Amino acid sequence: MGKSLVIVESPSKATIINRYLGDDYVVKASVGHIRDLANGLPSSAKKETTSTEKKVKLTKEQTLARSMGIDPWHNWEANYEIMPDKHKVVSDLKKLAKDADKVYLATDLDREGEAIAWHLREVLGGKADKYFRVKYPEITKKAIAKAFENPGQINMDLVNAQQTRRFLDRVVGFMVSPLLWKKVARGLSAGRVQSVAVELIVDKEREIKAFIPQEYWSIDALTKTKSGEELKLALATYAGKKIDIPNKAEAQKVLDAVKNAPFNVTEVLKKKGKQAPLPPFTTSTLQQVANQRLSFSVRKTMTVAQRLYEQGLITYMRTDSVNLSDEAISTARDIISRNFGDKYIPSKPNFYKSKESAQEAHEAIRPSHPTEPLPASVDRDGQRLYELIKARYLACQMVPQEYETTTVTVNANNFGFKASGKHVTFDGFKRVYNFSKNEEVMLPELNEGDTLTLEELIPLQHFTQPPARYNEASLVKELEKDGIGRPSTYASIISTIQDRGYVTINHGRFYAERMGEVVTDRLRYSFKDLMDKNFTASMEDNLDEIADGKQDYKKSLNDFFGHFEVELEKANKASSEGGMPENKPLEIKEFMCPECNKYHMAVQSGKTGMFLSCLGYYDSDVKKDDRCHKTLNLRAIDQAALSSSKLTDEEEAEFLRSRPRCPICNSIMDTYIIDGEHKLHLCSTPNCGGYKLETGKFDSEIEKGPECECEKCGHTMVLKEGRFGKYMSCTNKECGNTRKILKNGEIAPPREDAVDLPELPCKAEGAHYVLRDGASGIFLAAHNFPKVRETRPPKVCELQRFRDRISPKFYYLADAPAVDKDGNETEVRFSRKTKKQYVMATNAEGKTTFVAFYNDEKREWEESSDVGAKKTTTRKTTARKTTTKKTTTRRTTKKA
């Protein structure tokens, strides 16, 4: 008998499972998906031609089907192809599958995992009865053994649910994005779920910018008891009703009325209370709490949790369930009893109810081996997240916290002052899961009828606060509440909407970009269903029903597409016929073009920002080459303060009060400097069209950008702004040198000219290498790039060979060790962590253990140890350990 082949998704998981299964199994990784929708036409839509026939011209629908890889007009026929970087993986798996008696598809539990298993079976081929599907909630020896004792078959309902989601996303992206290019600006894109997430942030942005802070006052009273203990009271009522103090004058009236009045205790109310423990983590609650408590982004949380799962330390991290197995509950109760005593264990285990829409109803996220210590190989992020998961797991099986609250009411001339206190009588589950710095607020012992001595009255002015911005935790909570997406997709949603430039995150809070608002308005106008939260949530419910076998997936797709196609056809019409409105320039009627003096200037907005341009460019009576091309930069001021610094709620309210208001919609206006004599205020709501042009002397408000010396001609380089953002430009027009502005705002270091190396041929015929200096250090690239897209790291021996041609700036790299002790050649690599270059040795099998760093202080190369080298060249998690163990080496590298 031959060995059985087991296919998992990740190499790290393969190593652990191979150890559990033994020598009768070969465990290999597919490294995620192996196939995706192709940019090719499904077979039914291809036009067959003979060698003598001309190729029949494709219809518009066929061309679109080819680009999407699916044909919604021909029963959703899909054209899948192996992903470019997976051909070798697939080739190796095919050889192993051919020789194996059985093939176990052990991919993840969710729909994506089921789809990967199906794609593997389809691609590897062979008899269907040799394929088995195994699922396991955790990577432990017991769970793996149980899974392989009872293998099943691929669940096509889950596969079809995944395909439905993929088809819907592909259709929306490929059919709506070109419309945005035509109507708004090139390079824009739309997504079925991402667009709704952007809409949430845009609506919140507009709430904030339309918010008008209202003044109110509070009054605190500092008092002392008969025994001399201090007690701070807050004014709450007048004549038994809640009191509102709108201004300073009213506050003064209250002060005058109570400053000489006796402060008598009228009520001391004590109540006992309990706080029940929270259920164990689901995917979304883990994302939220990790963001709040550990400052992890949603993506980081999922990445760290994935590593913990693949190391066999926690159960599967994509789950909506709050259920725990009987064994897990029993283990938790035993740990609690041994460590804290029986008084912390409820008489019966705690059970929690999952929400109705929960899918993949396996266990909640919990430790796989809660009684065992965490391996030393787990990095700091992994340790922190694991401890959080373990604490929540144990806490969910503990008794509630018990406490007593005390509320003191004090009367002064019919004005009611209150103070509240809390005393924890039993910590309960918060023995292991408590994030409060100090829950207790102790009040002095008081009785009804006691008289307090007034020490001081403190009036404080406040302003109502605008709605709180979303952070990642609150956005995830909102998405989950509205049924938008699923917890396993939240990380990609948040990442995508930032990558598209529709929103940004600053100091943990989301800000809508102007183009995000423009696109949201256009989509909301033309695609009401697509942008409707309830419709998006119902689509997620449809996917759940497909996964449960309750609905046909092609019927669901056809129902969506039929209505979507009608909306799309209407949106493509001219705006005068009800189509999607175009992104027209905003004419500034008070500002004539300074060049032609015939037309007004207008605000143009695109994906890269806003600028002023002459309307003469659009004069159809003038030849295109003769039209006025005058443009002016708009330099934003003031509004950047909202996102550039971490404002408190009161500071943000103060900022909103200070901004000019739009004369049309009363939202705040963004301010831009045009030149030393013109300032433009634009309504922050893009489609409003409100503006104010201010004239005067504004030289002092113009931000003077950085300056530096041009490395080519010695003239001064100054800051300029173009269609792709800010950059440095040489003032010597004959030079024309430019340098980038990095994301951190710093000027990019000068780049050396490319060095032509015709002696080094590329793999592609007719191409040779040139040595280039890029943002990630030096590298070799084809001389005719981008026609030939071939790059690789340079070898040290090559730098030595061409030392006479390279810049002295790189001599230190040419002086690095050219080979390791085994004779393997070294090559130059770049560390994104230290932003410096180092050398490492490679051989036919890949990377070796040799790594060397340049010590700038000693002006010499220092070889790293084998262990350190391995950690340096592996994944990011282990790289952090290298940073810890090799502190001296890395720090000196930073100076290189």
# chains A, B, ... in the order shown; residues from 1 in each chain; ligands from 1

$ select_by_dssp --residues "stretch 637-816 of chain A" --states "alpha helix (DSSP H)" --output "list in words"
Ala641, Leu642, Ser643, Ser644, Asp649, Glu650, Glu651, Glu652, Ala653, Glu654, Phe655, Leu656, Arg657, Ser658, Val796, Cys797, Glu798, Leu799, Gln800, Arg801, Tyr811, Tyr812, Leu813 and Ala814 of chain A

$ write_last_selection --atoms "N, CA, C and O atoms" --output "compact mmCIF listing (two decimals), in the first residue's frame"
# COMPACT_ATOMS: atom_id res chain seq x y z
N ALA A 641 -5.93 69.45 10.63
CA ALA A 641 -5.79 69.30 12.08
C ALA A 641 -6.71 68.23 12.63
O ALA A 641 -6.43 67.61 13.65
N LEU A 642 -7.84 68.00 11.94
CA LEU A 642 -8.78 66.99 12.41
C LEU A 642 -8.15 65.61 12.45
O LEU A 642 -8.41 64.82 13.33
N SER A 643 -7.32 65.31 11.45
CA SER A 643 -6.78 63.97 11.33
C SER A 643 -5.28 63.87 11.60
O SER A 643 -4.76 62.79 11.77
N SER A 644 -4.59 65.01 11.66
CA SER A 644 -3.13 64.95 11.79
C SER A 644 -2.68 64.81 13.24
O SER A 644 -1.55 64.47 13.51
N ASP A 649 -12.20 64.80 22.51
CA ASP A 649 -13.55 65.11 22.05
C ASP A 649 -13.84 66.60 22.16
O ASP A 649 -14.45 67.20 21.27
N GLU A 650 -13.39 67.22 23.27
CA GLU A 650 -13.64 68.65 23.45
C GLU A 650 -12.82 69.48 22.46
O GLU A 650 -13.30 70.51 21.97
N GLU A 651 -11.60 69.03 22.14
CA GLU A 651 -10.78 69.75 21.15
C GLU A 651 -11.40 69.66 19.76
O GLU A 651 -11.38 70.61 19.00
N GLU A 652 -11.99 68.49 19.45
CA GLU A 652 -12.64 68.36 18.15
C GLU A 652 -13.88 69.24 18.09
O GLU A 652 -14.17 69.85 17.05
N ALA A 653 -14.62 69.32 19.22
CA ALA A 653 -15.79 70.21 19.26
C ALA A 653 -15.35 71.66 19.08
O ALA A 653 -16.01 72.44 18.37
N GLU A 654 -14.24 72.05 19.69
CA GLU A 654 -13.71 73.41 19.55
C GLU A 654 -13.31 73.67 18.10
O GLU A 654 -13.55 74.76 17.56
N PHE A 655 -12.72 72.67 17.46
CA PHE A 655 -12.35 72.81 16.05
C PHE A 655 -13.58 73.04 15.18
O PHE A 655 -13.59 73.91 14.30
N LEU A 656 -14.64 72.27 15.43
CA LEU A 656 -15.87 72.43 14.65
C LEU A 656 -16.48 73.81 14.85
O LEU A 656 -17.03 74.40 13.92
N ARG A 657 -16.38 74.34 16.07
CA ARG A 657 -16.94 75.67 16.34
C ARG A 657 -16.15 76.76 15.60
O ARG A 657 -16.70 77.79 15.22
N SER A 658 -14.86 76.51 15.40
CA SER A 658 -13.99 77.55 14.82
C SER A 658 -14.07 77.61 13.29
O SER A 658 -13.63 78.58 12.70
N VAL A 796 27.28 39.62 -4.30
CA VAL A 796 28.43 40.40 -3.85
C VAL A 796 29.58 40.26 -4.85
O VAL A 796 30.28 41.23 -5.15
N CYS A 797 29.76 39.05 -5.38
CA CYS A 797 30.85 38.84 -6.34
C CYS A 797 30.65 39.69 -7.60
O CYS A 797 31.62 40.11 -8.25
N GLU A 798 29.39 39.96 -7.95
CA GLU A 798 29.11 40.81 -9.11
C GLU A 798 29.44 42.26 -8.81
O GLU A 798 29.96 42.98 -9.68
N LEU A 799 29.17 42.71 -7.59
CA LEU A 799 29.54 44.08 -7.22
C LEU A 799 31.06 44.24 -7.21
O LEU A 799 31.59 45.29 -7.59
N GLN A 800 31.76 43.18 -6.77
CA GLN A 800 33.21 43.22 -6.78
C GLN A 800 33.75 43.27 -8.22
O GLN A 800 34.69 44.01 -8.52
N ARG A 801 33.10 42.51 -9.08
CA ARG A 801 33.53 42.44 -10.49
C ARG A 801 33.38 43.79 -11.17
O ARG A 801 34.25 44.18 -11.98
N TYR A 811 30.42 50.82 -2.17
CA TYR A 811 31.66 50.07 -2.00
C TYR A 811 31.60 49.14 -0.78
O TYR A 811 32.17 48.05 -0.79
N TYR A 812 30.89 49.60 0.26
CA TYR A 812 30.84 48.77 1.48
C TYR A 812 30.12 47.45 1.20
O TYR A 812 30.42 46.40 1.81
N LEU A 813 29.17 47.45 0.24
CA LEU A 813 28.49 46.21 -0.13
C LEU A 813 29.42 45.30 -0.94
O LEU A 813 29.38 44.08 -0.80
N ALA A 814 30.25 45.91 -1.78
CA ALA A 814 31.21 45.12 -2.56
C ALA A 814 32.28 44.51 -1.66
O ALA A 814 32.90 43.51 -2.03

$ residues_around --residues "stretch 21-32 of chain A" --least-positions-apart "5" --cutoff "10 Å" --atoms "only C-alpha atoms" --output "mmCIF file with N, CA and C atoms, in the first residue's frame"
data_model
loop_
_atom_site.group_PDB
_atom_site.id
_atom_site.type_symbol
_atom_site.label_atom_id
_atom_site.label_comp_id
_atom_site.auth_asym_id
_atom_site.auth_seq_id
_atom_site.Cartn_x
_atom_site.Cartn_y
_atom_site.Cartn_z
ATOM 1 N N MET A 1 0.829 -1.196 0.000
ATOM 2 C CA MET A 1 0.000 0.000 0.000
ATOM 3 C C MET A 1 0.868 1.251 0.000
ATOM 4 N N GLY A 2 0.468 2.258 -0.797
ATOM 5 C CA GLY A 2 1.181 3.524 -0.805
ATOM 6 C C GLY A 2 0.733 4.398 0.349
ATOM 7 N N LYS A 3 1.430 5.462 0.531
ATOM 8 C CA LYS A 3 1.084 6.393 1.604
ATOM 9 C C LYS A 3 -0.134 7.218 1.213
ATOM 10 N N SER A 4 -0.847 7.700 2.233
ATOM 11 C CA SER A 4 -1.981 8.593 2.002
ATOM 12 C C SER A 4 -1.482 10.023 1.964
ATOM 13 N N LEU A 5 -2.054 10.810 1.076
ATOM 14 C CA LEU A 5 -1.691 12.220 0.952
ATOM 15 C C LEU A 5 -2.693 13.060 1.718
ATOM 16 N N VAL A 6 -2.175 13.974 2.541
ATOM 17 C CA VAL A 6 -3.014 14.918 3.283
ATOM 18 C C VAL A 6 -2.641 16.319 2.813
ATOM 19 N N ILE A 7 -3.637 17.099 2.410
ATOM 20 C CA ILE A 7 -3.375 18.459 1.931
ATOM 21 C C ILE A 7 -4.026 19.459 2.879
ATOM 22 N N VAL A 8 -3.189 20.326 3.424
ATOM 23 C CA VAL A 8 -3.660 21.399 4.297
ATOM 24 C C VAL A 8 -3.369 22.742 3.598
ATOM 25 N N GLU A 9 -3.663 23.840 4.282
ATOM 26 C CA GLU A 9 -3.488 25.142 3.634
ATOM 27 C C GLU A 9 -2.120 25.772 3.887
ATOM 28 N N SER A 10 -1.555 25.575 5.081
ATOM 29 C CA SER A 10 -0.301 26.266 5.401
ATOM 30 C C SER A 10 0.807 25.278 5.749
ATOM 31 N N PRO A 11 2.047 25.620 5.406
ATOM 32 C CA PRO A 11 3.185 24.736 5.708
ATOM 33 C C PRO A 11 3.370 24.490 7.204
ATOM 34 N N SER A 12 3.142 25.522 8.032
ATOM 35 C CA SER A 12 3.343 25.330 9.473
ATOM 36 C C SER A 12 2.347 24.322 10.032
ATOM 37 N N LYS A 13 1.112 24.363 9.518
ATOM 38 C CA LYS A 13 0.105 23.399 9.943
ATOM 39 C C LYS A 13 0.498 21.990 9.477
ATOM 40 N N ALA A 14 1.062 21.912 8.277
ATOM 41 C CA ALA A 14 1.458 20.613 7.719
ATOM 42 C C ALA A 14 2.492 19.925 8.602
ATOM 43 N N THR A 15 3.431 20.702 9.119
ATOM 44 C CA THR A 15 4.494 20.127 9.967
ATOM 45 C C THR A 15 3.909 19.490 11.214
ATOM 46 N N ILE A 16 2.997 20.200 11.880
ATOM 47 C CA ILE A 16 2.411 19.696 13.120
ATOM 48 C C ILE A 16 1.549 18.468 12.852
ATOM 49 N N LYS A 86 1.122 29.311 -8.364
ATOM 50 C CA LYS A 86 0.791 27.999 -7.781
ATOM 51 C C LYS A 86 1.026 26.826 -8.732
ATOM 52 N N VAL A 89 3.335 24.254 -7.089
ATOM 53 C CA VAL A 89 2.632 23.577 -5.987
ATOM 54 C C VAL A 89 1.681 22.525 -6.542
ATOM 55 N N VAL A 90 0.896 22.921 -7.555
ATOM 56 C CA VAL A 90 -0.070 22.003 -8.151
ATOM 57 C C VAL A 90 0.641 20.827 -8.813
ATOM 58 N N ASP A 92 3.533 19.488 -8.037
ATOM 59 C CA ASP A 92 4.028 18.582 -6.988
ATOM 60 C C ASP A 92 2.888 17.782 -6.361
ATOM 61 N N LEU A 93 1.755 18.436 -6.122
ATOM 62 C CA LEU A 93 0.616 17.750 -5.512
ATOM 63 C C LEU A 93 0.036 16.694 -6.454
ATOM 64 N N LEU A 96 2.135 13.546 -6.198
ATOM 65 C CA LEU A 96 1.888 12.846 -4.941
ATOM 66 C C LEU A 96 0.504 12.198 -4.933
ATOM 67 N N ALA A 100 -0.743 8.188 -4.416
ATOM 68 C CA ALA A 100 -1.373 7.951 -3.109
ATOM 69 C C ALA A 100 -2.611 7.069 -3.246
ATOM 70 N N LYS A 102 -5.065 7.218 -0.936
ATOM 71 C CA LYS A 102 -6.139 8.097 -0.511
ATOM 72 C C LYS A 102 -5.603 9.531 -0.448
ATOM 73 N N VAL A 103 -6.501 10.475 -0.691
ATOM 74 C CA VAL A 103 -6.145 11.891 -0.561
ATOM 75 C C VAL A 103 -7.123 12.529 0.424
ATOM 76 N N TYR A 104 -6.574 13.011 1.530
ATOM 77 C CA TYR A 104 -7.399 13.667 2.551
ATOM 78 C C TYR A 104 -7.272 15.191 2.377
ATOM 79 N N ALA A 106 -7.678 18.414 4.023
ATOM 80 C CA ALA A 106 -7.779 18.861 5.422
ATOM 81 C C ALA A 106 -7.665 20.373 5.521
ATOM 82 N N THR A 107 -8.341 21.067 4.629
ATOM 83 C CA THR A 107 -8.315 22.536 4.658
ATOM 84 C C THR A 107 -9.240 23.063 5.762
ATOM 85 N N ASP A 108 -9.298 24.383 5.898
ATOM 86 C CA ASP A 108 -10.028 24.987 7.018
ATOM 87 C C ASP A 108 -11.513 24.647 7.002
ATOM 88 N N GLU A 112 -14.444 29.099 2.655
ATOM 89 C CA GLU A 112 -13.224 29.231 1.854
ATOM 90 C C GLU A 112 -12.435 27.926 1.879
ATOM 91 N N GLY A 113 -12.331 27.316 3.065
ATOM 92 C CA GLY A 113 -11.627 26.045 3.178
ATOM 93 C C GLY A 113 -12.289 24.951 2.368
ATOM 94 N N ILE A 116 -11.495 25.559 -1.282
ATOM 95 C CA ILE A 116 -10.119 25.155 -1.604
ATOM 96 C C ILE A 116 -10.045 23.643 -1.773
ATOM 97 N N ALA A 117 -10.726 22.918 -0.887
ATOM 98 C CA ALA A 117 -10.749 21.450 -0.993
ATOM 99 C C ALA A 117 -11.356 21.014 -2.332
ATOM 100 N N LEU A 120 -8.974 21.696 -5.201
ATOM 101 C CA LEU A 120 -7.893 20.707 -5.193
ATOM 102 C C LEU A 120 -8.345 19.405 -5.843
ATOM 103 N N LYS A 141 -3.601 16.358 18.845
ATOM 104 C CA LYS A 141 -3.488 14.958 18.437
ATOM 105 C C LYS A 141 -4.842 14.261 18.495
ATOM 106 N N ILE A 144 -7.182 15.611 15.623
ATOM 107 C CA ILE A 144 -6.747 15.112 14.308
ATOM 108 C C ILE A 144 -7.099 13.636 14.171
ATOM 109 N N ALA A 145 -6.844 12.853 15.228
ATOM 110 C CA ALA A 145 -7.165 11.422 15.176
ATOM 111 C C ALA A 145 -8.662 11.207 14.958
ATOM 112 N N PHE A 148 -9.710 11.960 11.308
ATOM 113 C CA PHE A 148 -9.303 10.970 10.321
ATOM 114 C C PHE A 148 -10.000 9.632 10.531
#

$ closest_atom_pairs --of "stretch 371-450 of chain A" --to "stretch 214-233 of chain A" --cutoff "10 Å" --atoms "only C-alpha atoms" --output "JSON lines"
{"residue": "A:Val408", "atom": "CA", "partner": "A:Leu233", "partner_atom": "CA", "distance": 8.8}
{"residue": "A:Thr409", "atom": "CA", "partner": "A:Leu233", "partner_atom": "CA", "distance": 8.7}
{"residue": "A:Val410", "atom": "CA", "partner": "A:Leu233", "partner_atom": "CA", "distance": 8.2}
{"residue": "A:Gly416", "atom": "CA", "partner": "A:Leu233", "partner_atom": "CA", "distance": 9.5}
{"residue": "A:Phe417", "atom": "CA", "partner": "A:Leu233", "partner_atom": "CA", "distance": 5.7}
{"residue": "A:Lys418", "atom": "CA", "partner": "A:Leu233", "partner_atom": "CA", "distance": 5.3}
{"residue": "A:Ala419", "atom": "CA", "partner": "A:Leu233", "partner_atom": "CA", "distance": 5.1}
{"residue": "A:Ser420", "atom": "CA", "partner": "A:Leu233", "partner_atom": "CA", "distance": 8.7}
{"residue": "A:Met442", "atom": "CA", "partner": "A:Leu231", "partner_atom": "CA", "distance": 9.9}
{"residue": "A:Leu443", "atom": "CA", "partner": "A:Leu231", "partner_atom": "CA", "distance": 7.2}
{"residue": "A:Pro444", "atom": "CA", "partner": "A:Glu229", "partner_atom": "CA", "distance": 6.7}
{"residue": "A:Glu445", "atom": "CA", "partner": "A:Thr225", "partner_atom": "CA", "distance": 8.9}
{"residue": "A:Leu446", "atom": "CA", "partner": "A:Thr225", "partner_atom": "CA", "distance": 8.1}
{"residue": "A:Asp450", "atom": "CA", "partner": "A:Thr225", "partner_atom": "CA", "distance": 8.1}

$ write_last_selection --atoms "C-alpha atoms" --output "compact mmCIF listing (two decimals), in the first residue's frame"
# COMPACT_ATOMS: atom_id res chain seq x y z
CA VAL A 408 -25.99 59.99 48.06
CA THR A 409 -28.47 62.83 47.40
CA VAL A 410 -27.86 66.24 48.97
CA GLY A 416 -30.20 68.37 44.22
CA PHE A 417 -26.54 67.28 44.25
CA LYS A 418 -25.53 63.64 43.88
CA ALA A 419 -22.49 61.40 44.41
CA SER A 420 -22.18 57.72 43.51
CA MET A 442 -15.56 54.70 48.07
CA LEU A 443 -17.83 57.29 49.69
CA PRO A 444 -17.60 58.37 53.31
CA GLU A 445 -20.17 56.92 55.70
CA LEU A 446 -23.25 59.17 55.65
CA ASP A 450 -26.32 64.76 57.99

$ select_by_dssp --residues "stretch 251-343 of chain A" --states "strand (DSSP E or B)" --output "JSON, numbers by chain"
{"A": [263, 264, 265, 266, 267, 268, 269, 270, 271, 272, 273, 274, 275, 281, 314, 315]}

$ write_last_selection --atoms "N, CA and C atoms" --output "mmCIF file, in the first residue's frame"
data_model
loop_
_atom_site.group_PDB
_atom_site.id
_atom_site.type_symbol
_atom_site.label_atom_id
_atom_site.label_comp_id
_atom_site.auth_asym_id
_atom_site.auth_seq_id
_atom_site.Cartn_x
_atom_site.Cartn_y
_atom_site.Cartn_z
ATOM 1 N N PHE A 263 -26.131 72.300 53.083
ATOM 2 C CA PHE A 263 -26.089 71.082 52.269
ATOM 3 C C PHE A 263 -26.497 69.910 53.163
ATOM 4 N N ASN A 264 -27.760 69.477 53.010
ATOM 5 C CA ASN A 264 -28.306 68.423 53.857
ATOM 6 C C ASN A 264 -28.457 67.119 53.080
ATOM 7 N N VAL A 265 -28.019 66.029 53.689
ATOM 8 C CA VAL A 265 -28.159 64.712 53.070
ATOM 9 C C VAL A 265 -29.616 64.289 53.195
ATOM 10 N N THR A 266 -30.265 64.097 52.018
ATOM 11 C CA THR A 266 -31.682 63.718 52.034
ATOM 12 C C THR A 266 -31.904 62.235 51.771
ATOM 13 N N GLU A 267 -30.915 61.566 51.148
ATOM 14 C CA GLU A 267 -31.097 60.139 50.863
ATOM 15 C C GLU A 267 -29.742 59.454 50.707
ATOM 16 N N VAL A 268 -29.626 58.266 51.280
ATOM 17 C CA VAL A 268 -28.462 57.398 51.085
ATOM 18 C C VAL A 268 -29.003 56.054 50.616
ATOM 19 N N LEU A 269 -28.864 55.786 49.323
ATOM 20 C CA LEU A 269 -29.453 54.584 48.737
ATOM 21 C C LEU A 269 -28.368 53.573 48.402
ATOM 22 N N LYS A 270 -28.518 52.364 48.966
ATOM 23 C CA LYS A 270 -27.547 51.294 48.709
ATOM 24 C C LYS A 270 -28.230 50.142 47.990
ATOM 25 N N LYS A 271 -27.567 49.647 46.959
ATOM 26 C CA LYS A 271 -28.102 48.527 46.194
ATOM 27 C C LYS A 271 -27.016 47.504 45.931
ATOM 28 N N LYS A 272 -27.426 46.235 45.974
ATOM 29 C CA LYS A 272 -26.499 45.161 45.617
ATOM 30 C C LYS A 272 -26.703 44.808 44.149
ATOM 31 N N GLY A 273 -25.615 44.462 43.479
ATOM 32 C CA GLY A 273 -25.698 44.132 42.062
ATOM 33 C C GLY A 273 -24.711 43.049 41.674
ATOM 34 N N LYS A 274 -24.936 42.487 40.507
ATOM 35 C CA LYS A 274 -24.044 41.458 39.966
ATOM 36 C C LYS A 274 -23.736 41.769 38.503
ATOM 37 N N GLN A 275 -22.529 41.439 38.098
ATOM 38 C CA GLN A 275 -22.152 41.537 36.682
ATOM 39 C C GLN A 275 -21.763 40.153 36.193
ATOM 40 N N PHE A 281 -14.889 34.047 23.249
ATOM 41 C CA PHE A 281 -14.719 34.858 22.047
ATOM 42 C C PHE A 281 -15.276 34.191 20.788
ATOM 43 N N ILE A 314 -4.746 27.293 19.772
ATOM 44 C CA ILE A 314 -6.138 27.690 19.967
ATOM 45 C C ILE A 314 -7.012 26.970 18.951
ATOM 46 N N THR A 315 -8.317 26.970 19.204
ATOM 47 C CA THR A 315 -9.260 26.390 18.254
ATOM 48 C C THR A 315 -9.411 27.321 17.053
#

$ residues_around --residues "A:Arg111" --least-positions-apart "4" --cutoff "12 Å" --atoms "only C-alpha atoms" --output "count of residues only"
30

$ atom_distance --atom1 "atom CA of A:Ala818" --atom2 "atom CA of A:Asn843"
13.0 Å

$ atom_distance --atom1 "atom CA of A:Lys242" --atom2 "atom CA of A:Asn447"
23.7 Å

$ closest_residue --among "A:Arg133, A:His362, A:Arg524, A:Lys60" --to "A:Glu199" --atoms "only C-alpha atoms"
A:Arg524

$ closest_residue --among "A:Glu327, A:Pro262, A:Ile139, A:Arg659" --to "A:Tyr309" --atoms "only C-alpha atoms"
A:Ile139

$ closest_atom_pairs --of "stretch 192-239 of chain A" --to "stretch 675-698 of chain A" --cutoff "10 Å" --atoms "only C-alpha atoms" --output "JSON lines"
{"residue": "A:Val202", "atom": "CA", "partner": "A:Thr685", "partner_atom": "CA", "distance": 9.8}
{"residue": "A:Glu205", "atom": "CA", "partner": "A:Thr685", "partner_atom": "CA", "distance": 9.4}
{"residue": "A:Arg206", "atom": "CA", "partner": "A:Thr685", "partner_atom": "CA", "distance": 7.2}
{"residue": "A:Lys209", "atom": "CA", "partner": "A:Ser684", "partner_atom": "CA", "distance": 7.5}
{"residue": "A:Ala210", "atom": "CA", "partner": "A:Ser684", "partner_atom": "CA", "distance": 9.3}

$ residues_around --residues "A:Lys253" --least-positions-apart "6" --cutoff "12 Å" --atoms "only C-alpha atoms" --output "NGL selection string"
:A and (217 or 219 or 245-247 or 259 or 415 or 459)
